[in-house]
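S.K.: Dropping in run_35.txt, which is compact mmCIF, C-alpha atoms and all ligand atoms:
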# COMPACT_ATOMS: atom_id res chain seq x y z
CA MET A 1 86.46 124.13 114.70
CA ASN A 2 84.05 121.28 113.97
CA SER A 3 83.35 119.81 110.56
CA THR A 4 80.13 121.86 110.08
CA ASP A 5 82.00 125.10 110.69
CA THR A 6 84.66 124.02 108.24
CA HIS A 7 82.02 123.10 105.71
CA GLN A 8 80.30 126.50 106.13
CA ASP A 9 83.64 128.34 105.95
CA GLN A 10 84.48 126.58 102.72
CA ALA A 11 81.07 127.41 101.25
CA LEU A 12 81.52 131.10 102.16
CA LEU A 13 85.01 131.21 100.68
CA ARG A 14 83.67 129.54 97.52
CA GLU A 15 80.96 132.20 97.16
CA LYS A 16 83.51 135.00 97.55
CA ALA A 17 85.88 133.32 95.12
CA ALA A 18 83.22 132.96 92.44
CA ARG A 19 82.35 136.68 92.74
CA ARG A 20 85.99 137.80 92.48
CA ARG A 21 87.13 135.07 90.10
CA ARG A 22 90.01 134.60 92.52
CA ALA A 23 90.68 131.95 95.15
CA THR A 24 93.53 130.80 97.38
CA ALA A 25 94.00 127.19 98.49
CA LEU A 26 96.44 125.34 100.74
CA ALA A 27 97.51 121.72 100.28
CA HIS A 28 100.04 119.37 101.83
CA PRO A 29 102.28 116.94 99.94
CA ASN A 30 101.92 113.27 100.82
CA ILE A 31 104.15 110.25 101.26
CA ALA A 32 102.90 106.99 99.76
CA LEU A 33 103.03 103.98 102.07
CA ILE A 34 101.81 101.78 99.20
CA LYS A 35 103.19 103.22 95.96
CA TYR A 36 101.75 104.35 92.65
CA TRP A 37 104.11 103.38 89.81
CA GLY A 38 102.93 103.04 86.22
CA ASN A 39 99.67 103.99 84.56
CA GLN A 40 96.98 102.14 82.67
CA ASP A 41 96.48 105.43 80.81
CA ASP A 42 99.32 107.94 80.96
CA ASN A 43 97.24 110.79 79.57
CA LEU A 44 94.36 110.44 82.06
CA ARG A 45 96.80 109.36 84.80
CA LEU A 46 94.80 106.24 85.57
CA PRO A 47 97.18 104.31 87.81
CA ALA A 48 98.17 100.68 87.29
CA ASN A 49 97.34 100.02 90.96
CA PRO A 50 95.66 101.56 94.00
CA SER A 51 97.91 103.37 96.51
CA LEU A 52 97.78 104.62 100.08
CA SER A 53 99.42 107.68 101.62
CA MET A 54 99.74 110.10 104.51
CA ASN A 55 99.55 113.87 104.03
CA LEU A 56 102.55 115.72 105.46
CA GLY A 57 101.17 118.44 107.73
CA SER A 58 104.27 120.56 108.25
CA LEU A 59 104.88 120.99 104.53
CA GLN A 60 102.49 123.01 102.40
CA THR A 61 101.85 124.85 99.17
CA ILE A 62 99.58 127.90 99.00
CA THR A 63 98.29 128.84 95.57
CA THR A 64 96.21 131.77 94.36
CA VAL A 65 94.40 131.53 91.03
CA THR A 66 92.97 134.71 89.48
CA PHE A 67 90.99 134.47 86.24
CA ASP A 68 91.49 137.75 84.40
CA ASP A 69 90.04 138.73 81.01
CA SER A 70 92.94 141.12 80.36
CA LEU A 71 95.50 138.28 80.24
CA ALA A 72 96.61 136.90 76.86
CA GLY A 73 97.87 133.65 78.42
CA ASP A 74 98.20 131.89 81.76
CA THR A 75 101.09 133.07 83.93
CA LEU A 76 102.81 131.13 86.70
CA ALA A 77 105.09 132.23 89.52
CA ILE A 78 106.45 129.75 92.09
CA ASN A 79 108.00 131.36 95.17
CA GLY A 80 108.09 134.61 93.19
CA VAL A 81 109.98 133.11 90.22
CA PRO A 82 108.16 133.16 86.84
CA PHE A 83 107.87 129.81 85.03
CA THR A 84 107.15 129.14 81.35
CA GLY A 85 107.71 126.05 79.15
CA PRO A 86 106.68 122.55 80.19
CA THR A 87 105.88 123.52 83.81
CA LEU A 88 103.42 126.22 82.69
CA GLU A 89 102.01 123.94 79.97
CA ARG A 90 101.20 121.27 82.57
CA VAL A 91 99.41 123.88 84.70
CA THR A 92 97.54 125.25 81.67
CA ALA A 93 96.36 121.73 80.76
CA ASN A 94 94.85 121.39 84.23
CA LEU A 95 93.24 124.85 84.07
CA ASP A 96 91.78 123.98 80.67
CA LEU A 97 89.80 121.17 82.32
CA VAL A 98 88.38 123.70 84.78
CA ARG A 99 87.67 126.30 82.08
CA ARG A 100 85.89 123.73 79.93
CA GLN A 101 83.70 122.61 82.83
CA ALA A 102 82.90 126.19 83.87
CA GLY A 103 82.42 127.51 80.33
CA LEU A 104 85.09 130.12 81.00
CA THR A 105 87.61 131.49 78.50
CA TYR A 106 89.62 133.84 80.73
CA ARG A 107 93.30 133.11 81.23
CA ALA A 108 94.65 132.92 84.78
CA ARG A 109 97.42 134.27 86.95
CA ILE A 110 98.81 131.58 89.27
CA GLU A 111 100.93 132.50 92.25
CA SER A 112 102.22 129.62 94.29
CA ASP A 113 104.34 129.61 97.44
CA SER A 114 105.68 126.49 99.02
CA ASN A 115 107.81 125.53 101.99
CA VAL A 116 108.56 122.15 100.39
CA PRO A 117 112.27 122.50 99.62
CA VAL A 118 112.78 122.44 95.83
CA GLY A 119 114.66 119.32 94.79
CA SER A 120 114.17 117.75 98.21
CA GLY A 121 112.67 114.68 96.62
CA ILE A 122 109.40 115.30 98.45
CA ALA A 123 106.68 115.07 95.83
CA SER A 124 105.99 118.80 95.60
CA SER A 125 103.71 118.14 92.58
CA SER A 126 101.20 116.41 94.89
CA ALA A 127 100.65 119.58 96.94
CA ALA A 128 100.99 121.83 93.88
CA PHE A 129 98.23 120.22 91.81
CA ALA A 130 95.94 119.67 94.81
CA ALA A 131 96.15 123.39 95.73
CA LEU A 132 95.84 124.44 92.08
CA SER A 133 92.73 122.30 91.50
CA VAL A 134 90.95 123.49 94.66
CA ALA A 135 91.75 127.17 93.99
CA ALA A 136 91.02 127.05 90.24
CA ALA A 137 87.67 125.29 90.64
CA ALA A 138 86.51 127.86 93.22
CA ALA A 139 87.79 130.84 91.23
CA ALA A 140 85.90 129.53 88.18
CA GLY A 141 82.70 129.30 90.23
CA LEU A 142 82.53 125.50 90.23
CA ASP A 143 81.14 123.81 93.33
CA LEU A 144 82.97 120.47 93.18
CA ASP A 145 82.88 117.84 95.91
CA GLN A 146 86.06 116.25 97.27
CA ALA A 147 85.92 113.30 94.86
CA ALA A 148 85.62 115.62 91.84
CA LEU A 149 88.51 117.75 93.12
CA SER A 150 90.64 114.63 93.68
CA ARG A 151 89.86 113.53 90.09
CA LEU A 152 90.85 116.96 88.76
CA ALA A 153 94.09 116.99 90.79
CA ARG A 154 94.88 113.46 89.52
CA ARG A 155 94.91 114.75 85.94
CA GLY A 156 97.70 117.19 86.92
CA SER A 157 99.77 114.73 88.97
CA GLY A 158 98.66 111.28 90.05
CA SER A 159 99.84 111.60 93.63
CA ALA A 160 98.00 114.97 93.92
CA SER A 161 94.70 113.06 93.98
CA ARG A 162 95.76 111.84 97.45
CA SER A 163 96.54 115.36 98.73
CA VAL A 164 92.92 116.50 98.30
CA PRO A 165 91.31 114.53 101.16
CA GLY A 166 92.79 114.74 104.68
CA GLY A 167 94.97 112.45 106.77
CA PHE A 168 95.51 108.94 105.41
CA CYS A 169 94.17 108.48 101.87
CA LEU A 170 93.45 105.60 99.55
CA TRP A 171 93.50 106.29 95.81
CA GLN A 172 91.59 103.72 93.78
CA ALA A 173 92.71 102.51 90.39
CA GLY A 174 89.81 102.24 87.93
CA ASP A 175 88.33 104.43 85.23
CA ASP A 176 88.29 108.20 84.95
CA ASP A 177 85.19 108.37 87.12
CA SER A 178 86.13 105.96 89.89
CA SER A 179 89.84 106.70 90.15
CA VAL A 180 89.76 109.18 93.05
CA ALA A 181 91.27 109.27 96.53
CA ARG A 182 89.30 109.14 99.76
CA SER A 183 90.39 109.56 103.35
CA ILE A 184 90.39 106.29 105.33
CA ALA A 185 91.43 107.97 108.60
CA PRO A 186 91.72 111.62 109.70
CA PRO A 187 95.10 113.13 110.69
CA GLU A 188 94.23 112.78 114.41
CA HIS A 189 93.91 109.01 113.98
CA TRP A 190 97.62 108.32 114.47
CA ASP A 191 100.57 110.58 115.20
CA LEU A 192 102.82 108.85 112.71
CA GLN A 193 105.90 110.85 111.69
CA ASP A 194 107.80 110.96 108.43
CA VAL A 195 111.43 111.81 109.21
CA VAL A 196 113.04 112.43 105.82
CA ALA A 197 116.79 112.10 105.40
CA ILE A 198 117.67 114.33 102.46
CA VAL A 199 120.77 112.91 100.81
CA SER A 200 120.62 114.82 97.55
CA GLN A 201 118.97 118.03 96.45
CA GLU A 202 119.97 117.62 92.82
CA HIS A 203 117.28 117.74 90.18
CA LYS A 204 116.39 114.20 89.13
CA GLU A 205 117.36 113.25 85.59
CA VAL A 206 114.12 111.31 85.15
CA GLY A 207 111.20 112.45 87.27
CA SER A 208 108.04 110.49 88.07
CA SER A 209 106.17 111.57 84.93
CA GLY A 210 109.02 110.28 82.76
CA GLY A 211 109.33 107.14 84.89
CA HIS A 212 105.71 105.91 84.92
CA PRO A 213 105.66 104.93 81.20
CA LEU A 214 108.82 102.83 81.76
CA ALA A 215 107.14 100.65 84.40
CA ARG A 216 105.53 98.44 81.79
CA THR A 217 108.95 97.60 80.31
CA SER A 218 110.00 95.83 83.51
CA PRO A 219 109.28 92.09 83.78
CA LEU A 220 108.78 92.69 87.52
CA GLN A 221 105.88 95.16 87.15
CA ALA A 222 103.36 92.32 86.70
CA ALA A 223 104.57 90.70 89.94
CA ARG A 224 104.39 94.05 91.73
CA ILE A 225 100.80 94.57 90.58
CA ALA A 226 99.83 90.98 91.42
CA GLY A 227 100.85 91.51 95.07
CA VAL A 228 99.59 95.04 95.59
CA GLU A 229 96.09 94.17 96.85
CA ARG A 230 97.60 91.97 99.57
CA ARG A 231 100.05 94.67 100.64
CA LEU A 232 97.38 97.37 100.49
CA GLU A 233 95.00 95.38 102.66
CA ALA A 234 97.75 94.59 105.20
CA CYS A 235 98.75 98.26 105.24
CA ARG A 236 95.19 99.46 105.66
CA GLU A 237 94.52 97.03 108.51
CA ALA A 238 97.76 97.94 110.31
CA LEU A 239 97.03 101.63 109.85
CA LEU A 240 93.51 101.39 111.21
CA ALA A 241 94.81 99.33 114.18
CA ARG A 242 97.77 101.74 114.69
CA ASN A 243 100.03 98.71 114.55
CA LEU A 244 103.48 99.93 113.45
CA PRO A 245 105.29 96.54 113.67
CA ALA A 246 102.68 95.23 111.20
CA LEU A 247 102.73 98.34 108.97
CA GLY A 248 106.52 98.71 108.74
CA PRO A 249 107.55 95.52 106.92
CA VAL A 250 104.73 95.98 104.37
CA ILE A 251 105.70 99.54 103.44
CA GLU A 252 109.36 98.52 103.14
CA GLU A 253 108.46 95.59 100.88
CA ASP A 254 106.27 97.82 98.73
CA ALA A 255 108.96 100.51 98.32
CA VAL A 256 111.68 97.98 97.50
CA ILE A 257 109.58 96.16 94.91
CA MET A 258 108.82 99.53 93.24
CA HIS A 259 112.55 100.25 93.06
CA ALA A 260 113.16 96.73 91.69
CA VAL A 261 110.71 97.63 88.89
CA MET A 262 112.52 100.93 88.30
CA MET A 263 115.95 99.28 88.20
CA SER A 264 114.76 96.57 85.80
CA SER A 265 113.00 98.95 83.38
CA ARG A 266 114.39 99.65 79.93
CA PRO A 267 116.12 102.06 80.19
CA PRO A 268 116.71 101.39 83.87
CA LEU A 269 116.17 103.98 86.60
CA TYR A 270 118.63 103.88 89.49
CA TYR A 271 117.52 106.38 92.12
CA TRP A 272 119.54 104.99 95.03
CA THR A 273 122.96 106.32 96.01
CA PRO A 274 125.43 104.66 98.40
CA THR A 275 123.95 106.83 101.20
CA THR A 276 120.45 105.51 100.42
CA MET A 277 121.74 101.97 100.89
CA ALA A 278 123.62 102.94 104.05
CA LEU A 279 120.38 104.36 105.49
CA ILE A 280 118.47 101.17 104.68
CA LEU A 281 121.10 99.09 106.48
CA THR A 282 121.13 101.50 109.43
CA THR A 283 117.34 101.21 109.70
CA GLN A 284 117.67 97.42 109.76
CA ARG A 285 120.22 97.70 112.57
CA TRP A 286 117.88 99.97 114.56
CA GLN A 287 115.10 97.43 114.08
CA ARG A 288 117.37 94.64 115.40
CA ASP A 289 118.07 96.88 118.40
CA GLY A 290 114.31 97.03 119.00
CA LEU A 291 113.46 100.45 117.57
CA PRO A 292 110.11 100.55 115.71
CA VAL A 293 111.24 102.63 112.70
CA TYR A 294 110.78 101.66 109.04
CA PHE A 295 111.79 103.11 105.70
CA THR A 296 110.11 104.04 102.46
CA ILE A 297 111.67 105.66 99.38
CA ASP A 298 110.03 107.58 96.50
CA ALA A 299 111.41 108.31 93.03
CA GLY A 300 114.70 109.63 94.38
CA PRO A 301 117.55 108.80 96.74
CA ASN A 302 116.10 110.29 99.95
CA VAL A 303 114.96 107.94 102.68
CA HIS A 304 111.71 108.50 104.60
CA LEU A 305 111.78 107.00 108.07
CA ILE A 306 108.35 106.26 109.49
CA CYS A 307 107.98 106.09 113.26
CA GLU A 308 105.67 107.23 116.05
CA ALA A 309 105.94 110.74 117.50
CA GLY A 310 107.79 109.61 120.63
CA LEU A 311 110.75 108.38 118.61
CA ALA A 312 110.99 111.12 115.98
CA GLN A 313 113.50 113.37 117.79
CA GLN A 314 115.86 110.48 118.45
CA VAL A 315 115.67 109.34 114.82
CA GLU A 316 116.33 112.92 113.64
CA ALA A 317 119.39 113.22 115.90
CA GLU A 318 120.78 109.86 114.73
CA LEU A 319 120.24 110.76 111.07
CA HIS A 320 122.21 113.99 111.45
CA LYS A 321 125.25 111.89 112.46
CA ILE A 322 125.22 109.81 109.26
CA PRO A 323 127.72 110.94 106.60
CA GLY A 324 125.95 112.03 103.41
CA VAL A 325 122.74 113.17 105.14
CA GLN A 326 122.36 116.85 104.24
CA THR A 327 119.14 117.82 106.01
CA VAL A 328 116.35 116.17 107.95
CA LEU A 329 112.70 117.17 107.60
CA THR A 330 110.03 115.85 109.94
CA SER A 331 106.29 115.91 109.50
CA GLY A 332 103.21 114.39 111.09
CA PRO A 333 99.85 113.81 109.36
CA GLY A 334 98.18 116.75 107.59
CA GLY A 335 94.63 117.80 106.76
CA PRO A 336 92.84 118.13 103.43
CA ALA A 337 93.44 120.65 100.65
CA ARG A 338 91.22 123.65 101.42
CA LEU A 339 90.32 127.21 100.51
CA ILE A 340 91.82 129.88 102.76
CA GLU A 341 91.40 133.67 103.04
CA HIS A 342 93.49 135.47 100.46
C1 LIG B 401 107.26 107.24 93.48
O1 LIG B 401 102.41 111.57 91.16
O2 LIG B 401 104.77 112.38 90.98
O3 LIG B 401 106.19 109.12 94.47
O4 LIG B 401 101.44 111.56 87.98
O5 LIG B 401 103.49 111.89 86.67
O6 LIG B 401 102.89 113.54 88.47
P1 LIG B 401 102.83 112.11 87.99
O7 LIG B 401 103.69 111.25 89.03
P2 LIG B 401 103.74 111.38 90.60
O8 LIG B 401 104.29 109.91 90.96
C2 LIG B 401 104.57 109.56 92.28
C3 LIG B 401 105.41 108.36 92.32
C4 LIG B 401 105.94 107.98 93.68
C5 LIG B 401 105.00 107.03 94.42
C6 LIG B 401 103.73 107.63 94.98
O9 LIG B 401 103.71 108.80 95.39
O10 LIG B 401 102.76 106.87 95.05
Could you take the file, read its structure, and then write that structure out as structure tokens?
Ligand code: DP6

M.R.:
Amino acid sequence: MNSTDTHQDQALLREKAARRRRATALAHPNIALIKYWGNQDDNLRLPANPSLSMNLGSLQTITTVTFDDSLAGDTLAINGVPFTGPTLERVTANLDLVRRQAGLTYRARIESDSNVPVGSGIASSSAAFAALSVAAAAAAGLDLDQAALSRLARRGSGSASRSVPGGFCLWQAGDDDSSVARSIAPPEHWDLQDVVAIVSQEHKEVGSSGGHPLARTSPLQAARIAGVERRLEACREALLARNLPALGPVIEEDAVIMHAVMMSSRPPLYYWTPTTMALILTTQRWQRDGLPVYFTIDAGPNVHLICEAGLAQQVEAELHKIPGVQTVLTSGPGGPARLIEH
């Protein structure tokens, strides 16, 4: 399918959705290679710094939004389980932006199914709010371009802005208008793999949304921000040149400095467990043995190992042998968030 077909398909699906006030969208979560941590504006989710990520093609969330005038309030079911409280309120806040723009008052039924394991430490909110934004906009009859959809997804979860475009995405810091993510390379550009060692499936005590406001309390956040442009540029160049030995050390440095900010916040956030540290040291040993594999870590204890496709199976097998590793998930680059047939 070429890009024109895809474009036409999406336009057709949008037309249908607007008629039925119902749309279904699919989105992938993403892993940040250069991290987002801290906001200039927590409410608008304007990040303190630009970030760069890869969509994870084998993980996905599929969400159907149906605007229905018989509903008294929005309803939400994730993998068939009804949700109320703060989770529903966050979804309603995002839908309100769509309703306001479309001049619509109907409440919505949201049904979301995901193969991202709950509590796996993979940012499921990135896929969730990207799929929600794409489906809700279409169901409300809005014809938004990718930048507008990325902006809308950002308001729900910052990292979701990067799950709207495909492949490898750069999310700009800036104001409400300019802070959107764009693809810098399609998924076919590089068969990079994210081999995730899951070391804990427990629910985090402090999630990303609670953590971002703490970033400014760390004396190291200013140093992290001061160096981010350099790391971002090095990462972008290495990515475009498919140069893993150049990419690896930069993504490791960026992840570690983010965790240094987390650990030196008030109150501090310690996401690492002894197994996290053991995995970091194991990765270093593999590198000394000549294996091109590098780590990154999000707001949790799980370790993402980044390597090329040829090495992924070996890395998976080695990870399974390490005490404390519960599961291993592997994914290559994924496409953009998009409408699909119901
Ligand atoms: C450590 O996007 O999950 O994964 O905007 O509050 O939803 P909210 O936060 P979120 O933060 C992600 C933080 C991170 C790094 C990253 O993905 O860039």

S.K.: Do a neighbour search on range 162-170 of chain A at 9 Å with only C-alpha atoms, toss out local chain neighbours closer than 5 positions, and write the hits as an MDAnalysis selection string.

M.R.: chainID A and resid 27:30 32 50:57 126:127 129:131 133:134 146:147 149:150 153:154 180:189 236 239 333:338

S.K.: Could you take the residues named above and write them with C-alpha atoms, as a compact mmCIF listing (two decimals), in the frame of the given file?

M.R.:
# COMPACT_ATOMS: atom_id res chain seq x y z
CA ALA A 27 97.51 121.72 100.28
CA HIS A 28 100.04 119.37 101.83
CA PRO A 29 102.28 116.94 99.94
CA ASN A 30 101.92 113.27 100.82
CA ALA A 32 102.90 106.99 99.76
CA PRO A 50 95.66 101.56 94.00
CA SER A 51 97.91 103.37 96.51
CA LEU A 52 97.78 104.62 100.08
CA SER A 53 99.42 107.68 101.62
CA MET A 54 99.74 110.10 104.51
CA ASN A 55 99.55 113.87 104.03
CA LEU A 56 102.55 115.72 105.46
CA GLY A 57 101.17 118.44 107.73
CA SER A 126 101.20 116.41 94.89
CA ALA A 127 100.65 119.58 96.94
CA PHE A 129 98.23 120.22 91.81
CA ALA A 130 95.94 119.67 94.81
CA ALA A 131 96.15 123.39 95.73
CA SER A 133 92.73 122.30 91.50
CA VAL A 134 90.95 123.49 94.66
CA GLN A 146 86.06 116.25 97.27
CA ALA A 147 85.92 113.30 94.86
CA LEU A 149 88.51 117.75 93.12
CA SER A 150 90.64 114.63 93.68
CA ALA A 153 94.09 116.99 90.79
CA ARG A 154 94.88 113.46 89.52
CA VAL A 180 89.76 109.18 93.05
CA ALA A 181 91.27 109.27 96.53
CA ARG A 182 89.30 109.14 99.76
CA SER A 183 90.39 109.56 103.35
CA ILE A 184 90.39 106.29 105.33
CA ALA A 185 91.43 107.97 108.60
CA PRO A 186 91.72 111.62 109.70
CA PRO A 187 95.10 113.13 110.69
CA GLU A 188 94.23 112.78 114.41
CA HIS A 189 93.91 109.01 113.98
CA ARG A 236 95.19 99.46 105.66
CA LEU A 239 97.03 101.63 109.85
CA PRO A 333 99.85 113.81 109.36
CA GLY A 334 98.18 116.75 107.59
CA GLY A 335 94.63 117.80 106.76
CA PRO A 336 92.84 118.13 103.43
CA ALA A 337 93.44 120.65 100.65
CA ARG A 338 91.22 123.65 101.42

S.K.: Would you mind listing what lies within 10 Å of Ser178 in chain A as a ChimeraX atom specification, with all atoms listed in the file counted and same-chain residues fewer than 3 positions away left out?

M.R.: /A:46,147-148,151,171-175,181

S.K.: Which residues sit within 10 Å of ligand LIG 401 (chain B), counting all atoms listed in the file, listed as a PyMOL selection string?

M.R.: chain A and resi 29-39+42-47+49-53+90+121-126+129+153-162+171+207-213+255+258-259+262+296-300

S.K.: Quick one, how far is CA of Arg231 in chain A from CA of Glu253 in chain A?

M.R.: 8.5 Å

S.K.: Quick one: distance from CA of Thr327 in chain A to CA of Val81 in chain A in Å, one decimal?

M.R.: 23.8 Å

S.K.: Kindly give the distance, in Å, that separates CA of Gln326 in chain A and CA of Asn115 in chain A, rounded to a single decimal.

M.R.: 17.1 Å

S.K.: Counting only C-alpha atoms, what is within 12 Å of Pro245 in chain A, bar same-chain residues fewer than 2 positions away, as a list in words?

M.R.: Ala234, Cys235, Glu237, Ala238, Leu239, Ala241, Arg242, Asn243, Leu247, Gly248, Pro249, Val250, Ile251, Glu252, Gln287, Gly290, Leu291, Pro292, Val293, Tyr294, Ile306, Cys307 and Glu308 of chain A

S.K.: Give me the residues near Arg20 in chain A as a PDB file with C-alpha atoms, in the coordinates of the input, where near means some atom within 9 Å (using all atoms listed in the file) and where sequence neighbours in that chain fewer than 6 positions away do not count.

M.R.:
ATOM      1  CA  THR A  66      92.970 134.710  89.480  1.00  0.00           C
ATOM      2  CA  PHE A  67      90.990 134.470  86.240  1.00  0.00           C
ATOM      3  CA  ALA A 139      87.790 130.840  91.230  1.00  0.00           C
TER       4      ALA A 139
END

S.K.: Do you know which residues are at most 10 Å from Gly73 in chain A counting only C-alpha atoms, after dropping those on the same chain fewer than 4 positions away, and could you put them as an mmCIF file with C-alpha atoms, in the frame of the given file?

M.R.:
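The resulting selection06.cif:
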data_model
loop_
_atom_site.group_PDB
_atom_site.id
_atom_site.type_symbol
_atom_site.label_atom_id
_atom_site.label_comp_id
_atom_site.auth_asym_id
_atom_site.auth_seq_id
_atom_site.Cartn_x
_atom_site.Cartn_y
_atom_site.Cartn_z
ATOM 1 C CA ASP A 68 91.490 137.750 84.400
ATOM 2 C CA ASP A 69 90.040 138.730 81.010
ATOM 3 C CA THR A 92 97.540 125.250 81.670
ATOM 4 C CA TYR A 106 89.620 133.840 80.730
ATOM 5 C CA ARG A 107 93.300 133.110 81.230
ATOM 6 C CA ALA A 108 94.650 132.920 84.780
ATOM 7 C CA ARG A 109 97.420 134.270 86.950
#

S.K.: So which one's closest to Asn302 in chain A, A:Leu59, A:Val195, A:Val315, A:Leu240? Using all atoms listed in the file, please.

M.R.: A:Val195

S.K.: Give the padded box for range 29-41 of chain A as lines of an AutoDock Vina configuration file: axis-aligned, covering all atoms listed in the file, 5 Å on each side, centre and edge lengths in Å to one decimal.

M.R.:
center_x = 100.3
center_y = 109.4
center_z = 91.4
size_x = 17.7
size_y = 25.2
size_z = 31.3

S.K.: Between A:His304, A:Ile257, A:Gly332, A:Leu88, which has the minimum distance to Ala226 in chain A (counting all atoms listed in the file)?

M.R.: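 Nearest candidate to Ala226 in chain A out of A:His304, A:Ile257, A:Gly332, A:Leu88: A:Ile257.
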
S.K.: Could you add the missing atoms to range 250-256 of chain A, up to all heavy atoms, and return them as an mmCIF file, in the frame of the given file?

M.R.:
data_model
loop_
_atom_site.group_PDB
_atom_site.id
_atom_site.type_symbol
_atom_site.label_atom_id
_atom_site.label_comp_id
_atom_site.auth_asym_id
_atom_site.auth_seq_id
_atom_site.Cartn_x
_atom_site.Cartn_y
_atom_site.Cartn_z
ATOM 1 N N VAL A 250 105.509 95.905 105.620
ATOM 2 C CA VAL A 250 104.730 95.980 104.370
ATOM 3 C C VAL A 250 105.146 97.205 103.550
ATOM 4 O O VAL A 250 105.305 97.120 102.327
ATOM 5 C CB VAL A 250 103.209 96.053 104.659
ATOM 6 C CG1 VAL A 250 102.421 96.070 103.363
ATOM 7 C CG2 VAL A 250 102.772 94.911 105.521
ATOM 8 N N ILE A 251 105.332 98.345 104.215
ATOM 9 C CA ILE A 251 105.700 99.540 103.440
ATOM 10 C C ILE A 251 107.127 99.400 102.888
ATOM 11 O O ILE A 251 107.409 99.849 101.784
ATOM 12 C CB ILE A 251 105.502 100.871 104.222
ATOM 13 C CG1 ILE A 251 106.456 101.004 105.399
ATOM 14 C CG2 ILE A 251 104.057 101.025 104.668
ATOM 15 C CD1 ILE A 251 106.450 102.392 106.039
ATOM 16 N N GLU A 252 107.995 98.730 103.642
ATOM 17 C CA GLU A 252 109.360 98.520 103.140
ATOM 18 C C GLU A 252 109.327 97.611 101.913
ATOM 19 O O GLU A 252 109.967 97.885 100.899
ATOM 20 C CB GLU A 252 110.248 97.908 104.240
ATOM 21 C CG GLU A 252 110.534 98.893 105.368
ATOM 22 C CD GLU A 252 111.526 98.370 106.391
ATOM 23 O OE1 GLU A 252 111.870 97.166 106.345
ATOM 24 O OE2 GLU A 252 111.962 99.174 107.247
ATOM 25 N N GLU A 253 108.553 96.530 102.011
ATOM 26 C CA GLU A 253 108.460 95.590 100.880
ATOM 27 C C GLU A 253 107.919 96.315 99.648
ATOM 28 O O GLU A 253 108.439 96.161 98.538
ATOM 29 C CB GLU A 253 107.512 94.435 101.270
ATOM 30 C CG GLU A 253 107.333 93.402 100.179
ATOM 31 C CD GLU A 253 106.223 92.388 100.501
ATOM 32 O OE1 GLU A 253 105.864 92.224 101.689
ATOM 33 O OE2 GLU A 253 105.718 91.772 99.548
ATOM 34 N N ASP A 254 106.892 97.146 99.859
ATOM 35 C CA ASP A 254 106.270 97.820 98.730
ATOM 36 C C ASP A 254 107.243 98.809 98.059
ATOM 37 O O ASP A 254 107.292 98.915 96.832
ATOM 38 C CB ASP A 254 104.997 98.544 99.177
ATOM 39 C CG ASP A 254 104.187 98.998 97.990
ATOM 40 O OD1 ASP A 254 103.483 98.153 97.401
ATOM 41 O OD2 ASP A 254 104.293 100.181 97.621
ATOM 42 N N ALA A 255 108.003 99.530 98.886
ATOM 43 C CA ALA A 255 108.960 100.510 98.320
ATOM 44 C C ALA A 255 110.064 99.787 97.558
ATOM 45 O O ALA A 255 110.453 100.200 96.464
ATOM 46 C CB ALA A 255 109.562 101.359 99.444
ATOM 47 N N VAL A 256 110.561 98.679 98.132
ATOM 48 C CA VAL A 256 111.680 97.980 97.500
ATOM 49 C C VAL A 256 111.236 97.337 96.188
ATOM 50 O O VAL A 256 111.963 97.391 95.185
ATOM 51 C CB VAL A 256 112.287 96.940 98.474
ATOM 52 C CG1 VAL A 256 113.276 96.044 97.744
ATOM 53 C CG2 VAL A 256 112.980 97.660 99.626
#
